[in-house]
Amino acid sequence: MKRNAPRIAALVWLLVVAVAGVYLAGRVHAGLSFRTDLLALLPREEVDPVLQQANETVTRSLARRVVALVGHAGRDEARAAARRLTDDLSATGLIETAGGGFDGDRMKRIGTLYFPHRQGLLSPGDRAALKAGQGEEVAIRALSQAFGFVGLADAGLLRTDPFLLLPSFFTSLPFPLSRLTLDEGMLTVVEGGTTWILVNAVLRRDPFELAAQDAVVGAFDRSVAALRAQTPGVEVKRLGAVFFAHAGASTGMREATILTTLTIVGAVLMIVAVFRRVAPLLHNVLALGVGLGFGMAGSLALFGELHVATLLFGSSLIGVAVDYGLYYSGSLFDPALRTPRERLRSIMPGITLGLVTALSGYASLMLAPMPGLRQIAAFSILGLLATYATVVLWLPLLDRAQPARHGRGMLWAAGRLGAFWDVVLGAQHRRTRVALAALVVAAGGTGLFLLRSDDDVRRMQSLSPGLVRQQEEVQRLIGAGTASQFLLVQAPDTETALRREEAVVATLERLKGEGALAGYQMPAAFVPSAERQRENRALVRDVLEQPLLERQRAQLGLPAPTEPAVASDAPLTLDAALAGETVPFLGELVLAPGLHVVALQGLTRPDAVRAALAGAEGVRLVDPTADFSALLAKYRQRALLLTGLAALLMVPALAWRYGWRGAAGIMGPPVAAVLLTPGLLGLAGQDFSFFHAMALVLVLSIGMDYAVFCAEGGTARRPITILSVFLASLMTQLSFGLLSVSSAFAVHGFGLTMLVGILLAFLMAPLAGRCGPRRALRSDANASVLM
Amino acid sequence: MTRLFALILAGLLTATALPTRAAESPSSGMSTIVEGQVLRGRFVQERFLKGFQAPLKSEGRFLLAPGRGLVWRAETPFAVTTVMSPAGLLQEVRGAETMRLPAGRLPFMSKLYTMLGGALTGDWKALESAFAVTREGDAKAWRLILTPLKAEDPTTPIREIRVKGGRFVEEVEVVKPDGDRDRLIFLDQSLSTEPPAGEDAQSLSAAGRL
């Protein structure tokens with residue numbers, strides 16, 4: 001019975017792995033999709049759900065916008081090309097509205113909406129004139145339009161609006177695309193002999209979805225290529241998050257392909273060169289494969305949908321998992337261990353403690369209120385358990401090897417690292433030791449002092465310079481670009497919100513005069529508050545109609561009115577204006593009743609705007625990019641705290657096994673690596689981000705494995721242990737240290753931290769070898785049962 | 001914009017006369033106007049609006065300097081000055097600006113300038129791209145009827161333009177789809193090489209700086 005126990009356990013594990021495999025295959029077959037947007041990964045900010053909602057709505061609406069300018073020397077060519085591009089984009093089925101969005105019908109609807117309420121609607125200029133008692137000027141302007149060479153007046157309008165207040169209100173509406181004008185239904189700007197036509201579209205899907213990116217950008221590129229072939233001289237400039245996301249994803253894919261190839265080739269070469277046989281390679285691939293597959297299946301079952309970053313950081317468990325398999329394979333070099341079971345027994349305490357400490361470390365990630373970190377932690381914990389089980393239950397059964405005899409040279413070299421520390425720690429080198437420690441502390445301290453943090457989300461990814469240039473050109477051509485920042489207006493109801501907007505107009509005008517911003521659109525500009533409309537009606541009555549209406553009619557030769565002068569006493573309501581999407585842009589500015597957005601253009605000094613609005617009730621500047629960066633900063637700090645917490649959580653297991661002093665001795669190397677790494681990064685001039693911090697979590701877990709292996713290995717087997725640790729660290733460097741060449745700052749930072757941290761952890765690991773176990777591990781007993 | 005369109009057109013036609021291309025010109029009796037020459041005259045503008053007791057009538061004088069622009073100075077019932085140049089349009093009442101439209105803000109204006117330029121050089125293609133042109137009469141008393149090619153174009157809501165002239169354009173009538181019409185009568189026209197001076201020169205350079 002006892003003899004069969006290992007086989008039964010292995011079979012049970014096989015069953016579990018098979019179930020996970022079938023589940024994973026089913027999910028993959030059903031079409032596995034990953035979330036790719038950072039917003040989904042980062043925590044829901046618990047502070048203000050309203051702000052968060054506004055932030056997401058506005059950011060999503062901005063991110064889904066696709067803008068292109070189609071230019072040609074000939075107006076007709078440009079227009080035809082723009083129509084063709086619009087059609088091609090619409091054909092993808094992923095575009096909600098395409099085209100400039102102005103047609104005669106819409107103009108008519110706008111007219112019908114506003115006309116009955118015209119006496120409550122005044123342009124800012126007319127309102128100012130009437131408030132200053134200058135009704136005469138408004139009257140004269142209307143006459144000049146009626147009699148003059150050019151005017152907007154037609155008979156019907158003059159009869160009902162003899163002061164032409166409504167046309168004046170219309171021309172004062174703050175449409176944001178300031179340099180564009182409507183030319184036969186198409187928004188157009190002419191510059192330097194080129195006619196540019198605006199193609200405006202909104203994505204139906206998230207711009208960060210890879211499939212949507214490919215479809216839309218692919219259709220766009222094909223259309224542009226066809227246009228260029230068909231009409232020489234056509235130029236197309238593009239702007240939109242989807243283009244940046246697509247370019248970023250392509251760069252990422254290319255990089256990932258190269259790095260993955262390097263990693264796999266490097267790992268195969270390393271294992272084959274070291275062991276001179278293929279079995280260890282297969283064993284390790286099996287252990288890692290089961291770990292990754294199980295981690296993925298398990299976290300998919302737990303969370304339903306995974307973020308691509310979970311996959312990325314989750315796969316980093318390879319760095320830890322590889323330790324177990326390679327530690328097992330490394331024991332091949334011990335001639336004393338003749339059977340697989342002896343080998344397993346020799347490494348069992350090491351990898352068990354390694355697992356326990358790593359799991360404690362990852363458990364700390366579970367404590368963070370960040371959905372992404374939880375997914376990563378769950379993925380890693382499940383994956384590590386599976387790798388551990390595979391190494392313990394399967395490798396001894398698969399292993400048929402005799403001890404390897406060719407390792408003398410490598411073991412000697414590994415022994416030198418141990419010997420180096422013996423010398424340093426020896427009694428006669430006290431001064432050297434002190435000097436070395438002082439040097440390390442000074443360097444690390446200086447580095448930490450020099451280390452700056454950088455959480456700017458815009459620098460975390462590498463933006464395609466070509467697209468950035470096109471974006472700037474498009475924004476210059478169409479006028480000041482809409483800023484990602486906006487004003488959020490919060491009020492108990494619509495009327496209060498509109499009044500609050502009207503209350504900040506003077507401030508915004510002053511800021512505009514100072515050049516802090518170029519323009520703004522608020523719902524109140526399209527639909528004034530009921531209070532403001534009442535005021536306007538009173539102004540029109542008192543300053544314009546009572547003193548001047550009769551004379552105006554006489555001068556225009558208007559017959560006496562047959563209908564009452566006041567068309568409608570009821571004010572225009574925002575709901576009426578929103579219905580049927582009559583007024584362009586207005587829909588985007590109203591998130592919910594009482595929750596409005598004031599869009600800003602050409603914002604150059606957000607701080608000035610924020611400061612100027614400090615006293616305004618219910619109005620504040622929201623800067624999603626800055627907020628997101630602040631969030632990254634917060635979570636950088638939190639990740640560092642969690643690393644500290646993870647270290648503390650590892651202490652009980654170590655103390656139980658090695659005593660308090662032993663635990664301190666074993667904690668020493670990994671903790672030193674975690675502390676020294678940021679210092680060295682600082683010396684190298686690297687800025688520290690959330691992604692660096694995430695790498696430190698791994699450096700701690702992996703470094704802890706190395707230290708525990710060295711402690712468990714004891715002095716006699718030290719060269720073999722150090723060789724195993726070296727191989728494991730090399731594998732980790734191939735997987736993650738390589739990432740330091742990435743062009744994306746986030747990935748580069750993660751990789752560089754791993755490179756430095758793992759190197760330090762490996763070099764210092766033998767120091768832990770001086771701390772022997774104080775107590776037997778229960779799994780020693782388990783191991784012997786399994787033998 | 002209708003009025004803008006119609007009246008500029010009137011301005012062009014006033015200036016449109018190219019004996020050198022008499023065979024192609026529909027108004028072969030018209031005087032030539034070339035760069036450096038200036039056309040001056042008086043106008044009477046009447047707007048017949050439905051439901052109004054009488055037409056809105058204004059009178060004044062105008063000046064057209066090819067390459068520089070058009071000054072349209074209404075004197076009665078009150079003073080309104082409108083200046084159009086390749087750079088855009090400017091309107092003033094009693095010295096106070098009431099309208100300013102840079103050409104770049106209005107692609108429609110550049111289209112008009114294409115027509116203006118075409119008409120000035122005797123190239124009727126620009127006009128014929130938008131209107132069907134019917135010609136009647138002889139060189140001494142001719143008539144043109146322009147009807148839009150695109151019947152329901154919302155940016156040119158014109159049913160018909162009727163132009164009468166001899167040596168100069170004498171009368172232009174613009175009829176809109178709803179029946180309103182504008183009539184312009186040109187009087188006392190003279191062509192000279194005397195450059196614009198005084199307030200005309202000032203107005204032209206102000207509009208040229210738009």
# chains A, B, ... in the order shown; residues from 1 in each chain; ligands from 1
call {"tool": "closest_atom_pairs", "arguments": {"of": "chain A", "to": "chain B", "cutoff": "6 Å", "atoms": "only C-alpha atoms", "output": "Markdown table"}}
result
| residue | atom | partner | partner_atom | distance |
| --- | --- | --- | --- | --- |
| A:Val150 | CA | B:Leu4 | CA | 5.0 |
| A:Ala155 | CA | B:Leu49 | CA | 5.1 |
| A:Thr181 | CA | B:Arg105 | CA | 5.7 |
| A:Gly557 | CA | B:Gln53 | CA | 5.8 |
| A:Leu558 | CA | B:Phe52 | CA | 5.3 |
call {"tool": "residues_around", "arguments": {"residues": "Leu51 of chain A", "least_positions_apart": "6", "cutoff": "10 Å", "atoms": "only C-alpha atoms", "output": "number ranges by chain"}}
result
A: 45, 57, 488, 490, 595, 622, 624
call {"tool": "write_last_selection", "arguments": {"atoms": "N, CA, C and O atoms", "output": "PDB file, in the first residue's frame"}}
result
ATOM      1  N   GLU A  45     -11.578  53.525  -8.029  1.00  0.00           N
ATOM      2  CA  GLU A  45     -11.233  54.468  -6.966  1.00  0.00           C
ATOM      3  C   GLU A  45     -12.406  54.544  -6.001  1.00  0.00           C
ATOM      4  O   GLU A  45     -13.524  54.883  -6.390  1.00  0.00           O
ATOM      5  N   THR A  57     -16.904  57.864 -18.427  1.00  0.00           N
ATOM      6  CA  THR A  57     -17.765  58.215 -19.547  1.00  0.00           C
ATOM      7  C   THR A  57     -17.037  59.149 -20.500  1.00  0.00           C
ATOM      8  O   THR A  57     -17.010  58.933 -21.712  1.00  0.00           O
ATOM      9  N   LEU A 488     -16.307  69.161 -14.330  1.00  0.00           N
ATOM     10  CA  LEU A 488     -17.457  68.364 -13.949  1.00  0.00           C
ATOM     11  C   LEU A 488     -18.371  69.244 -13.112  1.00  0.00           C
ATOM     12  O   LEU A 488     -17.934  69.869 -12.150  1.00  0.00           O
ATOM     13  N   GLN A 490     -21.658  69.257 -10.811  1.00  0.00           N
ATOM     14  CA  GLN A 490     -22.547  68.393 -10.056  1.00  0.00           C
ATOM     15  C   GLN A 490     -23.581  69.242  -9.337  1.00  0.00           C
ATOM     16  O   GLN A 490     -23.230  70.238  -8.692  1.00  0.00           O
ATOM     17  N   LEU A 595     -25.696  66.209 -13.692  1.00  0.00           N
ATOM     18  CA  LEU A 595     -24.280  65.865 -13.819  1.00  0.00           C
ATOM     19  C   LEU A 595     -23.823  66.227 -15.228  1.00  0.00           C
ATOM     20  O   LEU A 595     -24.101  65.510 -16.185  1.00  0.00           O
ATOM     21  N   VAL A 622     -11.510  68.180 -13.745  1.00  0.00           N
ATOM     22  CA  VAL A 622     -11.137  66.769 -13.667  1.00  0.00           C
ATOM     23  C   VAL A 622     -10.072  66.515 -14.723  1.00  0.00           C
ATOM     24  O   VAL A 622     -10.223  66.921 -15.869  1.00  0.00           O
ATOM     25  N   PRO A 624      -8.321  63.345 -16.038  1.00  0.00           N
ATOM     26  CA  PRO A 624      -8.232  61.889 -15.949  1.00  0.00           C
ATOM     27  C   PRO A 624      -6.795  61.376 -16.026  1.00  0.00           C
ATOM     28  O   PRO A 624      -6.435  60.444 -15.310  1.00  0.00           O
TER      29      PRO A 624
END
call {"tool": "closest_residue", "arguments": {"among": "A:Gln733, A:Thr257, A:Gln546, A:Ser380", "to": "Ser316 of chain A", "atoms": "only C-alpha atoms"}}
result
A:Ser380
call {"tool": "atom_distance", "arguments": {"atom1": "atom CA of Gln475 of chain A", "atom2": "atom CA of Glu588 of chain A"}}
result
19.4 Å
call {"tool": "atom_distance", "arguments": {"atom1": "atom CA of Ala9 of chain A", "atom2": "atom CA of His283 of chain A"}}
result
17.9 Å
call {"tool": "select_by_dssp", "arguments": {"residues": "segment 447-559 of chain A", "states": "alpha helix (DSSP H)", "output": "PyMOL selection string"}}
result
chain A and resi 447-450+457-460+465-478+494-513+523-526+530-539+546-556
call {"tool": "closest_residue", "arguments": {"among": "A:Arg222, A:Ser464, A:Asn55, A:Trp196", "to": "His246 of chain A", "atoms": "only C-alpha atoms"}}
result
A:Ser464
call {"tool": "atom_distance", "arguments": {"atom1": "atom CA of His692 of chain A", "atom2": "atom CA of Gly749 of chain A"}}
result
5.4 Å
call {"tool": "residues_around", "arguments": {"residues": "segment 16-27 of chain A", "least_positions_apart": "2", "cutoff": "12 Å", "atoms": "only C-alpha atoms", "output": "PDB file with N, CA, C and O atoms, in the first residue's frame"}}
result
ATOM      1  N   ALA A   9      -1.022   9.120  -5.759  1.00  0.00           N
ATOM      2  CA  ALA A   9      -1.013  10.585  -5.687  1.00  0.00           C
ATOM      3  C   ALA A   9      -0.768  11.174  -7.081  1.00  0.00           C
ATOM      4  O   ALA A   9      -1.419  12.145  -7.482  1.00  0.00           O
ATOM      5  N   ALA A  10       0.162  10.562  -7.833  1.00  0.00           N
ATOM      6  CA  ALA A  10       0.478  11.072  -9.164  1.00  0.00           C
ATOM      7  C   ALA A  10      -0.730  10.954 -10.079  1.00  0.00           C
ATOM      8  O   ALA A  10      -1.014  11.838 -10.881  1.00  0.00           O
ATOM      9  N   LEU A  11      -1.469   9.836  -9.925  1.00  0.00           N
ATOM     10  CA  LEU A  11      -2.647   9.635 -10.754  1.00  0.00           C
ATOM     11  C   LEU A  11      -3.744  10.644 -10.416  1.00  0.00           C
ATOM     12  O   LEU A  11      -4.399  11.196 -11.311  1.00  0.00           O
ATOM     13  N   VAL A  12      -3.939  10.864  -9.123  1.00  0.00           N
ATOM     14  CA  VAL A  12      -4.939  11.847  -8.700  1.00  0.00           C
ATOM     15  C   VAL A  12      -4.593  13.219  -9.294  1.00  0.00           C
ATOM     16  O   VAL A  12      -5.438  13.923  -9.849  1.00  0.00           O
ATOM     17  N   TRP A  13      -3.311  13.562  -9.209  1.00  0.00           N
ATOM     18  CA  TRP A  13      -2.870  14.850  -9.759  1.00  0.00           C
ATOM     19  C   TRP A  13      -3.089  14.902 -11.271  1.00  0.00           C
ATOM     20  O   TRP A  13      -3.514  15.918 -11.817  1.00  0.00           O
ATOM     21  N   LEU A  14      -2.859  13.755 -11.925  1.00  0.00           N
ATOM     22  CA  LEU A  14      -3.081  13.688 -13.364  1.00  0.00           C
ATOM     23  C   LEU A  14      -4.546  13.992 -13.687  1.00  0.00           C
ATOM     24  O   LEU A  14      -4.863  14.716 -14.636  1.00  0.00           O
ATOM     25  N   HIS A  29     -11.521  27.176 -26.857  1.00  0.00           N
ATOM     26  CA  HIS A  29     -12.323  26.849 -28.022  1.00  0.00           C
ATOM     27  C   HIS A  29     -13.489  27.825 -28.168  1.00  0.00           C
ATOM     28  O   HIS A  29     -13.863  28.222 -29.275  1.00  0.00           O
ATOM     29  N   ALA A  30     -14.056  28.207 -27.025  1.00  0.00           N
ATOM     30  CA  ALA A  30     -15.203  29.133 -27.056  1.00  0.00           C
ATOM     31  C   ALA A  30     -14.773  30.537 -27.459  1.00  0.00           C
ATOM     32  O   ALA A  30     -15.598  31.431 -27.612  1.00  0.00           O
ATOM     33  N   GLY A  31     -13.475  30.728 -27.604  1.00  0.00           N
ATOM     34  CA  GLY A  31     -12.986  32.048 -28.005  1.00  0.00           C
ATOM     35  C   GLY A  31     -12.636  32.879 -26.792  1.00  0.00           C
ATOM     36  O   GLY A  31     -13.463  33.559 -26.191  1.00  0.00           O
ATOM     37  N   LEU A  32     -11.393  32.772 -26.405  1.00  0.00           N
ATOM     38  CA  LEU A  32     -10.936  33.464 -25.208  1.00  0.00           C
ATOM     39  C   LEU A  32     -10.544  34.886 -25.584  1.00  0.00           C
ATOM     40  O   LEU A  32      -9.824  35.105 -26.541  1.00  0.00           O
ATOM     41  N   SER A  33     -11.097  35.849 -24.866  1.00  0.00           N
ATOM     42  CA  SER A  33     -10.652  37.217 -25.137  1.00  0.00           C
ATOM     43  C   SER A  33     -10.147  37.831 -23.843  1.00  0.00           C
ATOM     44  O   SER A  33     -10.636  37.511 -22.758  1.00  0.00           O
ATOM     45  N   PHE A  34      -9.164  38.685 -23.985  1.00  0.00           N
ATOM     46  CA  PHE A  34      -8.585  39.314 -22.813  1.00  0.00           C
ATOM     47  C   PHE A  34      -8.879  40.799 -22.832  1.00  0.00           C
ATOM     48  O   PHE A  34      -8.924  41.415 -23.880  1.00  0.00           O
ATOM     49  N   LEU A 286       7.485  20.513 -18.682  1.00  0.00           N
ATOM     50  CA  LEU A 286       6.248  19.922 -18.173  1.00  0.00           C
ATOM     51  C   LEU A 286       5.793  20.648 -16.905  1.00  0.00           C
ATOM     52  O   LEU A 286       4.639  21.055 -16.768  1.00  0.00           O
ATOM     53  N   ALA A 287       6.724  20.849 -15.983  1.00  0.00           N
ATOM     54  CA  ALA A 287       6.374  21.483 -14.708  1.00  0.00           C
ATOM     55  C   ALA A 287       5.848  22.900 -14.941  1.00  0.00           C
ATOM     56  O   ALA A 287       4.831  23.307 -14.361  1.00  0.00           O
ATOM     57  N   GLY A 289       4.663  24.122 -17.809  1.00  0.00           N
ATOM     58  CA  GLY A 289       3.443  24.091 -18.609  1.00  0.00           C
ATOM     59  C   GLY A 289       2.231  23.802 -17.748  1.00  0.00           C
ATOM     60  O   GLY A 289       1.194  24.479 -17.840  1.00  0.00           O
ATOM     61  N   VAL A 290       2.370  22.800 -16.880  1.00  0.00           N
ATOM     62  CA  VAL A 290       1.254  22.472 -15.991  1.00  0.00           C
ATOM     63  C   VAL A 290       0.957  23.669 -15.080  1.00  0.00           C
ATOM     64  O   VAL A 290      -0.201  24.042 -14.872  1.00  0.00           O
ATOM     65  N   GLY A 291       2.003  24.307 -14.580  1.00  0.00           N
ATOM     66  CA  GLY A 291       1.818  25.457 -13.690  1.00  0.00           C
ATOM     67  C   GLY A 291       1.068  26.586 -14.383  1.00  0.00           C
ATOM     68  O   GLY A 291       0.073  27.097 -13.871  1.00  0.00           O
ATOM     69  N   LEU A 292       1.529  26.947 -15.588  1.00  0.00           N
ATOM     70  CA  LEU A 292       0.892  28.055 -16.318  1.00  0.00           C
ATOM     71  C   LEU A 292      -0.546  27.711 -16.692  1.00  0.00           C
ATOM     72  O   LEU A 292      -1.466  28.507 -16.487  1.00  0.00           O
ATOM     73  N   GLY A 293      -0.724  26.473 -17.216  1.00  0.00           N
ATOM     74  CA  GLY A 293      -2.061  26.071 -17.647  1.00  0.00           C
ATOM     75  C   GLY A 293      -3.019  26.038 -16.475  1.00  0.00           C
ATOM     76  O   GLY A 293      -4.152  26.523 -16.563  1.00  0.00           O
ATOM     77  N   PHE A 294      -2.550  25.478 -15.355  1.00  0.00           N
ATOM     78  CA  PHE A 294      -3.414  25.364 -14.185  1.00  0.00           C
ATOM     79  C   PHE A 294      -3.738  26.751 -13.622  1.00  0.00           C
ATOM     80  O   PHE A 294      -4.873  27.036 -13.252  1.00  0.00           O
ATOM     81  N   GLY A 295      -2.706  27.608 -13.598  1.00  0.00           N
ATOM     82  CA  GLY A 295      -2.937  28.970 -13.109  1.00  0.00           C
ATOM     83  C   GLY A 295      -3.968  29.690 -13.958  1.00  0.00           C
ATOM     84  O   GLY A 295      -4.871  30.354 -13.449  1.00  0.00           O
ATOM     85  N   MET A 296      -3.859  29.498 -15.271  1.00  0.00           N
ATOM     86  CA  MET A 296      -4.772  30.187 -16.173  1.00  0.00           C
ATOM     87  C   MET A 296      -6.175  29.606 -16.042  1.00  0.00           C
ATOM     88  O   MET A 296      -7.163  30.345 -15.918  1.00  0.00           O
ATOM     89  N   ALA A 297      -6.275  28.273 -16.059  1.00  0.00           N
ATOM     90  CA  ALA A 297      -7.592  27.637 -15.948  1.00  0.00           C
ATOM     91  C   ALA A 297      -8.250  28.051 -14.633  1.00  0.00           C
ATOM     92  O   ALA A 297      -9.425  28.443 -14.607  1.00  0.00           O
ATOM     93  N   GLY A 298      -7.471  27.980 -13.550  1.00  0.00           N
ATOM     94  CA  GLY A 298      -8.026  28.283 -12.234  1.00  0.00           C
ATOM     95  C   GLY A 298      -8.486  29.725 -12.145  1.00  0.00           C
ATOM     96  O   GLY A 298      -9.590  30.012 -11.652  1.00  0.00           O
ATOM     97  N   SER A 299      -7.665  30.674 -12.636  1.00  0.00           N
ATOM     98  CA  SER A 299      -8.071  32.072 -12.475  1.00  0.00           C
ATOM     99  C   SER A 299      -9.185  32.429 -13.446  1.00  0.00           C
ATOM    100  O   SER A 299     -10.025  33.272 -13.147  1.00  0.00           O
ATOM    101  N   LEU A 300      -9.231  31.742 -14.594  1.00  0.00           N
ATOM    102  CA  LEU A 300     -10.379  31.963 -15.488  1.00  0.00           C
ATOM    103  C   LEU A 300     -11.658  31.496 -14.809  1.00  0.00           C
ATOM    104  O   LEU A 300     -12.701  32.155 -14.882  1.00  0.00           O
ATOM    105  N   ALA A 301     -11.567  30.341 -14.138  1.00  0.00           N
ATOM    106  CA  ALA A 301     -12.751  29.821 -13.447  1.00  0.00           C
ATOM    107  C   ALA A 301     -13.160  30.771 -12.328  1.00  0.00           C
ATOM    108  O   ALA A 301     -14.335  30.999 -12.078  1.00  0.00           O
ATOM    109  N   GLY A 304     -13.713  34.585 -14.411  1.00  0.00           N
ATOM    110  CA  GLY A 304     -14.522  34.656 -15.623  1.00  0.00           C
ATOM    111  C   GLY A 304     -13.764  35.214 -16.800  1.00  0.00           C
ATOM    112  O   GLY A 304     -13.700  34.620 -17.851  1.00  0.00           O
ATOM    113  N   GLU A 305     -13.162  36.388 -16.589  1.00  0.00           N
ATOM    114  CA  GLU A 305     -12.442  37.037 -17.687  1.00  0.00           C
ATOM    115  C   GLU A 305     -11.126  37.560 -17.135  1.00  0.00           C
ATOM    116  O   GLU A 305     -11.091  38.073 -16.023  1.00  0.00           O
ATOM    117  N   LEU A 306     -10.072  37.417 -17.912  1.00  0.00           N
ATOM    118  CA  LEU A 306      -8.769  37.857 -17.420  1.00  0.00           C
ATOM    119  C   LEU A 306      -8.282  39.082 -18.191  1.00  0.00           C
ATOM    120  O   LEU A 306      -8.608  39.278 -19.351  1.00  0.00           O
ATOM    121  N   LEU A 382      -2.058  29.587  -7.745  1.00  0.00           N
ATOM    122  CA  LEU A 382      -2.517  28.331  -8.349  1.00  0.00           C
ATOM    123  C   LEU A 382      -1.416  27.715  -9.205  1.00  0.00           C
ATOM    124  O   LEU A 382      -1.173  26.508  -9.153  1.00  0.00           O
ATOM    125  N   GLY A 383      -0.745  28.579  -9.977  1.00  0.00           N
ATOM    126  CA  GLY A 383       0.314  28.086 -10.854  1.00  0.00           C
ATOM    127  C   GLY A 383       1.470  27.489 -10.064  1.00  0.00           C
ATOM    128  O   GLY A 383       2.005  26.438 -10.416  1.00  0.00           O
ATOM    129  N   LEU A 385       1.377  26.233  -6.977  1.00  0.00           N
ATOM    130  CA  LEU A 385       0.947  24.972  -6.365  1.00  0.00           C
ATOM    131  C   LEU A 385       1.005  23.847  -7.384  1.00  0.00           C
ATOM    132  O   LEU A 385       1.474  22.738  -7.075  1.00  0.00           O
ATOM    133  N   ALA A 386       0.561  24.138  -8.617  1.00  0.00           N
ATOM    134  CA  ALA A 386       0.533  23.107  -9.646  1.00  0.00           C
ATOM    135  C   ALA A 386       1.948  22.694 -10.034  1.00  0.00           C
ATOM    136  O   ALA A 386       2.237  21.513 -10.215  1.00  0.00           O
ATOM    137  N   THR A 387       2.853  23.685 -10.155  1.00  0.00           N
ATOM    138  CA  THR A 387       4.232  23.351 -10.495  1.00  0.00           C
ATOM    139  C   THR A 387       4.864  22.505  -9.390  1.00  0.00           C
ATOM    140  O   THR A 387       5.531  21.502  -9.652  1.00  0.00           O
ATOM    141  N   ALA A 389       3.333  20.572  -7.233  1.00  0.00           N
ATOM    142  CA  ALA A 389       2.744  19.228  -7.258  1.00  0.00           C
ATOM    143  C   ALA A 389       3.347  18.412  -8.390  1.00  0.00           C
ATOM    144  O   ALA A 389       3.653  17.224  -8.219  1.00  0.00           O
ATOM    145  N   THR A 390       3.553  19.024  -9.522  1.00  0.00           N
ATOM    146  CA  THR A 390       4.109  18.303 -10.672  1.00  0.00           C
ATOM    147  C   THR A 390       5.536  17.845 -10.375  1.00  0.00           C
ATOM    148  O   THR A 390       5.904  16.700 -10.652  1.00  0.00           O
ATOM    149  N   TRP A 394       5.317  14.015 -10.058  1.00  0.00           N
ATOM    150  CA  TRP A 394       5.582  13.404 -11.371  1.00  0.00           C
ATOM    151  C   TRP A 394       7.058  13.234 -11.695  1.00  0.00           C
ATOM    152  O   TRP A 394       7.456  12.224 -12.246  1.00  0.00           O
TER     153      TRP A 394
END
